[in-house]
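For reference, the structure is listed below as structure tokens.
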Amino acid sequence: MKYIIILGDGMADEPIASLGNKTTIQAAATPYMDLLARKGRNGLLHTVPEGFAPGSEIANLSVMGYDVASVYEGRGVLEAASMGVDILPGEMGMRCNLICLDGDLLKNHSAGHISTPEAAELIRFLDDKLGNDVFSFYPGVSYRHLLKMKGGDKRLRCTPPHDIPEQPFRPHLIQPDSDEARPTAEALNRLIFTSQEILADHPINKKRIAEGKAPANSIWPWSPGFRPKMRPLNEMFLIQSGAVISAVDLIRGIGVYAGLEVIMVEGATGLYDTNYEGKAEAALKALKEKDFVYLHIEASDEAGHEGDAPLKVKTIEYLDARIVKTIYEETLQWDEPVTIAILPDHPTPCDIRTHTREPIPFLIYHRDIEPDSVQVYDEFAAKEGSYGLLYGDQFMKAVVGAAHDKR
């Protein structure tokens, strides 16, 4: 048996008035996900443990079967692994967004989905002007970058910028959770304000403003942590080898620590214009060589953050027609059976434009599975599935089985 998890980031939603009180999954034409729900078994998965915010890092670690409380060390250090940046003892990594401010308002978390080449030039500029023996900046993809700090204290309260679109940013500046962490918080907040001063007149931002685009006029560091201690998946579950395919550093970084081969796909953008066909082809090729593939598609989450319900519906339809269909029809011809699991990591409701912690719908299909009574794939139909509500590593056990002899 081989296994593939197809994860549509943020795909789940709440009923939306403009869609006839349907969710974006219900409103989308998804004949292949519906087919697999009908031929497979369904359920709900709780991906955000109590005490944790519903971030993609938390949710994807949960989907992969990790005990988040034991392994989670922040988003930045996971992305650092994908970027090839080592987090050494005494160093703290943080996600560092390029954001767009409009006066005191945080206009958006992505600087208008700034291009990777533009962002890389700005991050190199910031490292040249603000980097020193304490702070170092490393360019990532689009608005997602890495800030490394020597001697930092991770006991900080940080607000993810995608949680506060069109809100004043000052009330959400970094706060210490202990007296010892106060110097770290103050240093990071100074860095934010200094970045605003030097980014305002950068030629890239002047050009973006002239073109009617959002400028990248501030940094926003968040999710601090140290190097995590994660066991590879092949020590936890009945798989020997695996691969991860994603456009974003976060998921690739989780894959590195999980012992998965990172496969890059040309034209994978993390947006609705991503190379769906290329991702499906890469997943099928990897699945022929390995036991397990984790295929992550970011586009629905970004559409949810933009509050764009029609675009989110389109991204779900693209996932169905350009990835699920291809993988199902191709693997149907293989001699070796393939388990296909489909799910989001968390909801990203368009009406509130940020993540929520509600359980997400999943389906698991292989040619010998006994189907349950569910006929379509969506947030409400999955409640009637035979798996019920799963927690922790129960989903991964249902997909690939647990390696009891290795525990």
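Just so we're on the same page: first chain in the structure tokens is A, next is B, and so on; residues restart at 1 for each chain, and ligands are numbered from 1 in the order they show up.
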
Every residue of range 212-320 of chain A that DSSP places in alpha helix (DSSP H), as a ChimeraX atom specification: /A:249-257,276-289,299-305,309-319

Those in range 122-368 of chain A with strand (DSSP E) from DSSP, as a PyMOL selection string: chain A and resi 135-141+144-150+156-157+167-168+175-176+218-225+242-245+261-263+292-297+338-343+360-365

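Proximity ranking of A:Ala17, A:Met92, A:Ala258, A:Ile327 relative to Lys285 in chain A places A:Ile327 first, based on only C-alpha atoms.
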
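Between Arg227 in chain A and the candidates A:Asp102, A:Glu329, A:Glu121, A:Glu79, the tightest atom-to-atom separation, counting only C-alpha atoms, involves A:Glu79.
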
Atom-to-atom span, CA of Gly242 in chain A and CA of Lys290 in chain A, Å: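 Taking CA of Gly242 in chain A and CA of Lys290 in chain A, their separation equals 5.5 Å.
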
Among the residues A:Asp393, A:Asp163, A:Glu317, A:Asp351, the one that comes closest to Asp34 in chain A [using only C-alpha atoms]: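 Closest to Asp34 in chain A of all the choices is A:Glu317.
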
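Remark: for Thr356 in chain A, the closest of the candidate residues A:Leu287, A:Met11, A:Val399, A:Val134 is A:Met11 (distances computed over only C-alpha atoms).
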
For Glu370 in chain A: contacts at 12 Å, only C-alpha atoms, fewer than 6 positions along chain excluded, given as a JSON list (two decimals) with all heavy atoms, in the first residue's frame:
```
[["chain", "number", "residue", "atom", "x", "y", "z"],
["A", 36, "LEU", "N", -14.82, 10.33, -4.11],
["A", 36, "LEU", "CA", -13.98, 9.64, -3.13],
["A", 36, "LEU", "C", -14.66, 9.60, -1.76],
["A", 36, "LEU", "O", -14.49, 8.64, -1.01],
["A", 36, "LEU", "CB", -12.62, 10.32, -3.03],
["A", 36, "LEU", "CG", -11.76, 10.24, -4.29],
["A", 36, "LEU", "CD1", -10.40, 10.88, -4.06],
["A", 36, "LEU", "CD2", -11.58, 8.80, -4.74],
["A", 37, "ALA", "N", -15.44, 10.64, -1.43],
["A", 37, "ALA", "CA", -16.21, 10.60, -0.18],
["A", 37, "ALA", "C", -17.24, 9.47, -0.24],
["A", 37, "ALA", "O", -17.46, 8.75, 0.75],
["A", 37, "ALA", "CB", -16.90, 11.94, 0.05],
["A", 38, "ARG", "N", -17.84, 9.30, -1.41],
["A", 38, "ARG", "CA", -18.87, 8.27, -1.59],
["A", 38, "ARG", "C", -18.26, 6.86, -1.58],
["A", 38, "ARG", "O", -18.84, 5.92, -1.06],
["A", 38, "ARG", "CB", -19.57, 8.54, -2.92],
["A", 38, "ARG", "CG", -20.91, 7.88, -3.10],
["A", 38, "ARG", "CD", -21.75, 8.59, -4.15],
["A", 38, "ARG", "NE", -21.05, 8.83, -5.41],
["A", 38, "ARG", "CZ", -20.75, 10.03, -5.88],
["A", 38, "ARG", "NH1", -21.05, 11.12, -5.18],
["A", 38, "ARG", "NH2", -20.13, 10.17, -7.03],
["A", 39, "LYS", "N", -17.07, 6.73, -2.15],
["A", 39, "LYS", "CA", -16.42, 5.42, -2.23],
["A", 39, "LYS", "C", -15.53, 5.12, -1.02],
["A", 39, "LYS", "O", -15.02, 4.01, -0.89],
["A", 39, "LYS", "CB", -15.57, 5.35, -3.50],
["A", 39, "LYS", "CG", -16.38, 5.47, -4.78],
["A", 39, "LYS", "CD", -15.51, 5.39, -6.03],
["A", 39, "LYS", "CE", -14.99, 3.98, -6.23],
["A", 39, "LYS", "NZ", -14.32, 3.83, -7.55],
["A", 40, "GLY", "N", -15.33, 6.14, -0.16],
["A", 40, "GLY", "CA", -14.44, 5.97, 0.98],
["A", 40, "GLY", "C", -15.17, 6.15, 2.30],
["A", 40, "GLY", "O", -16.38, 5.94, 2.41],
["A", 41, "ARG", "N", -14.41, 6.55, 3.31],
["A", 41, "ARG", "CA", -14.96, 6.79, 4.64],
["A", 41, "ARG", "C", -14.58, 8.20, 5.06],
["A", 41, "ARG", "O", -13.55, 8.75, 4.64],
["A", 41, "ARG", "CB", -14.43, 5.76, 5.63],
["A", 41, "ARG", "CG", -14.82, 4.34, 5.27],
["A", 41, "ARG", "CD", -14.18, 3.34, 6.23],
["A", 41, "ARG", "NE", -14.68, 3.53, 7.59],
["A", 41, "ARG", "CZ", -14.16, 2.94, 8.67],
["A", 41, "ARG", "NH1", -13.10, 2.14, 8.54],
["A", 41, "ARG", "NH2", -14.68, 3.14, 9.85],
["A", 42, "ASN", "N", -15.42, 8.78, 5.91],
["A", 42, "ASN", "CA", -15.32, 10.20, 6.22],
["A", 42, "ASN", "C", -15.35, 10.46, 7.72],
["A", 42, "ASN", "O", -15.73, 9.58, 8.51],
["A", 42, "ASN", "CB", -16.49, 10.95, 5.56],
["A", 42, "ASN", "CG", -16.53, 10.77, 4.06],
["A", 42, "ASN", "OD1", -16.07, 11.62, 3.31],
["A", 42, "ASN", "ND2", -17.09, 9.65, 3.60],
["A", 364, "ILE", "N", -11.00, 9.36, 3.57],
["A", 364, "ILE", "CA", -9.94, 8.39, 3.31],
["A", 364, "ILE", "C", -10.51, 7.34, 2.35],
["A", 364, "ILE", "O", -11.57, 6.77, 2.60],
["A", 364, "ILE", "CB", -9.45, 7.71, 4.60],
["A", 364, "ILE", "CG1", -8.85, 8.74, 5.56],
["A", 364, "ILE", "CG2", -8.42, 6.62, 4.28],
["A", 364, "ILE", "CD1", -8.46, 8.17, 6.91],
["A", 385, "GLY", "N", -19.88, 10.80, 8.99],
["A", 385, "GLY", "CA", -18.93, 9.76, 8.58],
["A", 385, "GLY", "C", -18.64, 8.75, 9.67],
["A", 385, "GLY", "O", -18.80, 9.01, 10.86],
["A", 386, "SER", "N", -18.16, 7.59, 9.25],
["A", 386, "SER", "CA", -17.96, 6.48, 10.19],
["A", 386, "SER", "C", -16.77, 6.67, 11.12],
["A", 386, "SER", "O", -16.67, 6.00, 12.14],
["A", 386, "SER", "CB", -17.78, 5.18, 9.40],
["A", 386, "SER", "OG", -16.71, 5.30, 8.47],
["A", 387, "TYR", "N", -15.86, 7.58, 10.78],
["A", 387, "TYR", "CA", -14.73, 7.83, 11.67],
["A", 387, "TYR", "C", -15.11, 8.69, 12.87],
["A", 387, "TYR", "O", -14.37, 8.72, 13.86],
["A", 387, "TYR", "CB", -13.58, 8.51, 10.92],
["A", 387, "TYR", "CG", -12.82, 7.61, 10.00],
["A", 387, "TYR", "CD1", -12.86, 7.79, 8.62],
["A", 387, "TYR", "CD2", -12.03, 6.57, 10.50],
["A", 387, "TYR", "CE1", -12.15, 6.96, 7.77],
["A", 387, "TYR", "CE2", -11.32, 5.73, 9.66],
["A", 387, "TYR", "CZ", -11.38, 5.93, 8.29],
["A", 387, "TYR", "OH", -10.68, 5.11, 7.45]]
```

Spatial neighbours of Arg353 in chain A, max dist 6 Å, only C-alpha atoms, sep filter under 3 positions, as a PyMOL selection string: chain A and resi 304-305+307+349-350

Contact table range 140-242 of chain A vs range 53-68 of chain A, cut-off 12 Å, shortest pair per residue, only C-alpha atoms, as a Markdown table:
```
| residue | atom | partner | partner_atom | distance |
| --- | --- | --- | --- | --- |
| A:Arg157 | CA | A:Ala53 | CA | 11.5 |
| A:Cys158 | CA | A:Ala53 | CA | 10.9 |
| A:Thr159 | CA | A:Ala53 | CA | 10.0 |
| A:Pro160 | CA | A:Gly55 | CA | 8.6 |
| A:Pro161 | CA | A:Gly55 | CA | 11.5 |
| A:His162 | CA | A:Gly55 | CA | 10.1 |
| A:Asp163 | CA | A:Gly55 | CA | 10.0 |
| A:Trp222 | CA | A:Gly55 | CA | 11.8 |
| A:Ser223 | CA | A:Glu57 | CA | 9.9 |
| A:Pro228 | CA | A:Val68 | CA | 10.6 |
| A:Lys229 | CA | A:Tyr66 | CA | 10.9 |
| A:Met230 | CA | A:Tyr66 | CA | 8.1 |
| A:Arg231 | CA | A:Tyr66 | CA | 8.7 |
| A:Pro232 | CA | A:Tyr66 | CA | 9.9 |
| A:Leu233 | CA | A:Met64 | CA | 8.0 |
| A:Asn234 | CA | A:Met64 | CA | 11.3 |
| A:Glu235 | CA | A:Gly65 | CA | 11.7 |
| A:Met236 | CA | A:Gly65 | CA | 8.5 |
| A:Phe237 | CA | A:Gly65 | CA | 9.0 |
```

Write a file of the just-selected residues containing N, CA and C atoms, as a compact mmCIF listing (two decimals), in the first residue's frame.
```txt
# COMPACT_ATOMS: atom_id res chain seq x y z
N ARG A 157 4.28 37.47 23.52
CA ARG A 157 2.94 37.42 22.94
C ARG A 157 2.99 38.14 21.60
N CYS A 158 2.83 37.36 20.54
CA CYS A 158 2.91 37.90 19.17
C CYS A 158 1.60 37.63 18.46
N THR A 159 1.12 38.59 17.71
CA THR A 159 -0.12 38.44 16.95
C THR A 159 0.22 38.15 15.49
N PRO A 160 -0.27 37.02 14.94
CA PRO A 160 -0.07 36.79 13.51
C PRO A 160 -0.72 37.92 12.70
N PRO A 161 -0.02 38.48 11.74
CA PRO A 161 -0.58 39.65 11.03
C PRO A 161 -1.84 39.32 10.23
N HIS A 162 -1.99 38.04 9.82
CA HIS A 162 -3.21 37.69 9.08
C HIS A 162 -4.44 37.67 9.98
N ASP A 163 -4.24 37.80 11.31
CA ASP A 163 -5.37 37.84 12.23
C ASP A 163 -5.96 39.25 12.39
N TRP A 222 7.00 37.35 14.26
CA TRP A 222 6.07 36.62 15.14
C TRP A 222 6.44 35.14 15.18
N SER A 223 5.82 34.42 16.10
CA SER A 223 6.02 32.98 16.28
C SER A 223 7.48 32.62 16.57
N PRO A 228 13.35 22.65 17.07
CA PRO A 228 12.44 21.63 17.61
C PRO A 228 13.08 20.24 17.63
N LYS A 229 12.51 19.39 18.47
CA LYS A 229 12.93 17.98 18.55
C LYS A 229 11.78 17.11 18.05
N MET A 230 11.88 16.72 16.77
CA MET A 230 10.83 15.93 16.13
C MET A 230 11.39 14.60 15.64
N ARG A 231 10.65 13.53 15.89
CA ARG A 231 11.01 12.22 15.34
C ARG A 231 10.57 12.15 13.89
N PRO A 232 11.32 11.48 13.02
CA PRO A 232 10.85 11.28 11.65
C PRO A 232 9.60 10.41 11.62
N LEU A 233 8.77 10.61 10.62
CA LEU A 233 7.51 9.88 10.53
C LEU A 233 7.71 8.38 10.43
N ASN A 234 8.81 7.93 9.81
CA ASN A 234 8.99 6.49 9.66
C ASN A 234 9.33 5.79 10.98
N GLU A 235 9.56 6.56 12.04
CA GLU A 235 9.71 5.97 13.36
C GLU A 235 8.38 5.92 14.10
N MET A 236 7.37 6.57 13.55
CA MET A 236 6.08 6.67 14.23
C MET A 236 4.98 5.86 13.54
N PHE A 237 5.09 5.71 12.22
CA PHE A 237 4.02 5.08 11.47
C PHE A 237 4.58 4.08 10.46
```

Contact residues around His202 in chain A with only C-alpha atoms at 12 Å, ignoring same-chain residues under 6 positions, as a list in words: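 Neighbouring residues, sequence-local ones excluded: Glu118, Ala119, Glu121, Leu122, Ile123, Phe125, Leu126, Ser195, Gln196, Arg208, Ile209, Pro215, Ala216, Asn217 and Ser218 of chain A.
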
Distance query Ala28 in chain A at most 8 Å, only C-alpha atoms, self and fewer than 2 positions along chain excluded, as a PyMOL selection string: chain A and resi 24-26+30+313-314+316-317

Exercise: Ala282 in chain A partners within 12 Å, only C-alpha atoms, chain neighbours under 3 positions left out, as a list in words: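 The residues satisfying every condition are Ala243, Val244, Ile245, Ser246, Val262, Ile263, Met264, Val265, Glu266, Ala268, Asn275, Tyr276, Glu277, Gly278, Lys279, Lys285, Ala286, Leu287, Lys288, Glu289, Lys290, Val293, Tyr294, Leu295, His296, Ile323, Thr326 and Ile327 of chain A.
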
Contacts of range 295-384 of chain A with range 1-5 of chain A up to 7 Å, shortest pair per row, only C-alpha atoms, as a tab-separated table:
```
residue	atom	partner	partner_atom	distance
A:Leu295	CA	A:Ile5	CA	6.0
A:Glu336	CA	A:Met1	CA	6.2
A:Pro337	CA	A:Met1	CA	5.2
A:Val338	CA	A:Lys2	CA	4.7
A:Thr339	CA	A:Tyr3	CA	4.7
A:Ile340	CA	A:Ile4	CA	5.1
A:Ala341	CA	A:Ile5	CA	4.7
A:Ile342	CA	A:Ile5	CA	5.9
```

Since we have the selection now, will you write its residues out, keeping all heavy atoms, as a JSON list (two decimals), in the first residue's frame?
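In the end it all went to result_38.json:
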```json
[["chain", "number", "residue", "atom", "x", "y", "z"],
["A", 295, "LEU", "N", 1.02, 16.23, 0.01],
["A", 295, "LEU", "CA", 0.86, 17.23, -1.04],
["A", 295, "LEU", "C", 0.03, 18.39, -0.50],
["A", 295, "LEU", "O", -1.16, 18.23, -0.20],
["A", 295, "LEU", "CB", 0.18, 16.60, -2.26],
["A", 295, "LEU", "CG", -0.17, 17.54, -3.42],
["A", 295, "LEU", "CD1", 1.05, 18.27, -3.94],
["A", 295, "LEU", "CD2", -0.85, 16.75, -4.54],
["A", 336, "GLU", "N", -0.36, -1.69, -7.44],
["A", 336, "GLU", "CA", -0.29, -1.51, -5.98],
["A", 336, "GLU", "C", -1.37, -0.54, -5.53],
["A", 336, "GLU", "O", -1.51, 0.55, -6.10],
["A", 336, "GLU", "CB", 1.09, -0.98, -5.57],
["A", 336, "GLU", "CG", 1.28, -0.91, -4.07],
["A", 336, "GLU", "CD", 2.72, -0.62, -3.67],
["A", 336, "GLU", "OE1", 3.53, -0.28, -4.56],
["A", 336, "GLU", "OE2", 3.04, -0.77, -2.49],
["A", 337, "PRO", "N", -2.15, -0.90, -4.51],
["A", 337, "PRO", "CA", -3.21, 0.01, -4.06],
["A", 337, "PRO", "C", -2.65, 1.27, -3.43],
["A", 337, "PRO", "O", -1.56, 1.27, -2.85],
["A", 337, "PRO", "CB", -3.98, -0.83, -3.03],
["A", 337, "PRO", "CG", -3.00, -1.85, -2.57],
["A", 337, "PRO", "CD", -2.11, -2.16, -3.75],
["A", 338, "VAL", "N", -3.41, 2.36, -3.57],
["A", 338, "VAL", "CA", -3.01, 3.66, -3.03],
["A", 338, "VAL", "C", -4.13, 4.20, -2.16],
["A", 338, "VAL", "O", -5.29, 4.26, -2.58],
["A", 338, "VAL", "CB", -2.70, 4.66, -4.16],
["A", 338, "VAL", "CG1", -2.38, 6.04, -3.58],
["A", 338, "VAL", "CG2", -1.55, 4.16, -5.03],
["A", 339, "THR", "N", -3.80, 4.58, -0.95],
["A", 339, "THR", "CA", -4.74, 5.28, -0.07],
["A", 339, "THR", "C", -4.66, 6.77, -0.35],
["A", 339, "THR", "O", -3.56, 7.35, -0.35],
["A", 339, "THR", "CB", -4.41, 5.02, 1.41],
["A", 339, "THR", "OG1", -4.65, 3.65, 1.71],
["A", 339, "THR", "CG2", -5.29, 5.88, 2.32],
["A", 340, "ILE", "N", -5.80, 7.39, -0.61],
["A", 340, "ILE", "CA", -5.89, 8.83, -0.84],
["A", 340, "ILE", "C", -6.67, 9.44, 0.30],
["A", 340, "ILE", "O", -7.81, 9.05, 0.57],
["A", 340, "ILE", "CB", -6.57, 9.15, -2.18],
["A", 340, "ILE", "CG1", -5.82, 8.52, -3.36],
["A", 340, "ILE", "CG2", -6.70, 10.67, -2.36],
["A", 340, "ILE", "CD1", -6.53, 8.68, -4.70],
["A", 341, "ALA", "N", -6.07, 10.39, 0.99],
["A", 341, "ALA", "CA", -6.76, 11.15, 2.05],
["A", 341, "ALA", "C", -6.80, 12.61, 1.64],
["A", 341, "ALA", "O", -5.82, 13.14, 1.13],
["A", 341, "ALA", "CB", -6.05, 10.99, 3.38],
["A", 342, "ILE", "N", -7.95, 13.25, 1.87],
["A", 342, "ILE", "CA", -8.14, 14.65, 1.49],
["A", 342, "ILE", "C", -8.70, 15.41, 2.68],
["A", 342, "ILE", "O", -9.65, 14.94, 3.33],
["A", 342, "ILE", "CB", -9.08, 14.79, 0.28],
["A", 342, "ILE", "CG1", -8.50, 14.04, -0.93],
["A", 342, "ILE", "CG2", -9.31, 16.26, -0.07],
["A", 342, "ILE", "CD1", -9.44, 13.98, -2.12]]
```

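Between CA of Ser136 in chain A and CA of Gly84 in chain A the interatomic distance comes to 14.1 Å.
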
Separation of CA of Ala81 in chain A from CA of Cys96 in chain A, in Å and rounded to one decimal: 14.8 Å

Pick from A:Ala210, A:Glu91, A:Arg190, A:Ser82 nearest to Val256 in chain A, counting only C-alpha atoms: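 Of the candidates, the smallest distance to Val256 in chain A is held by A:Ser82.
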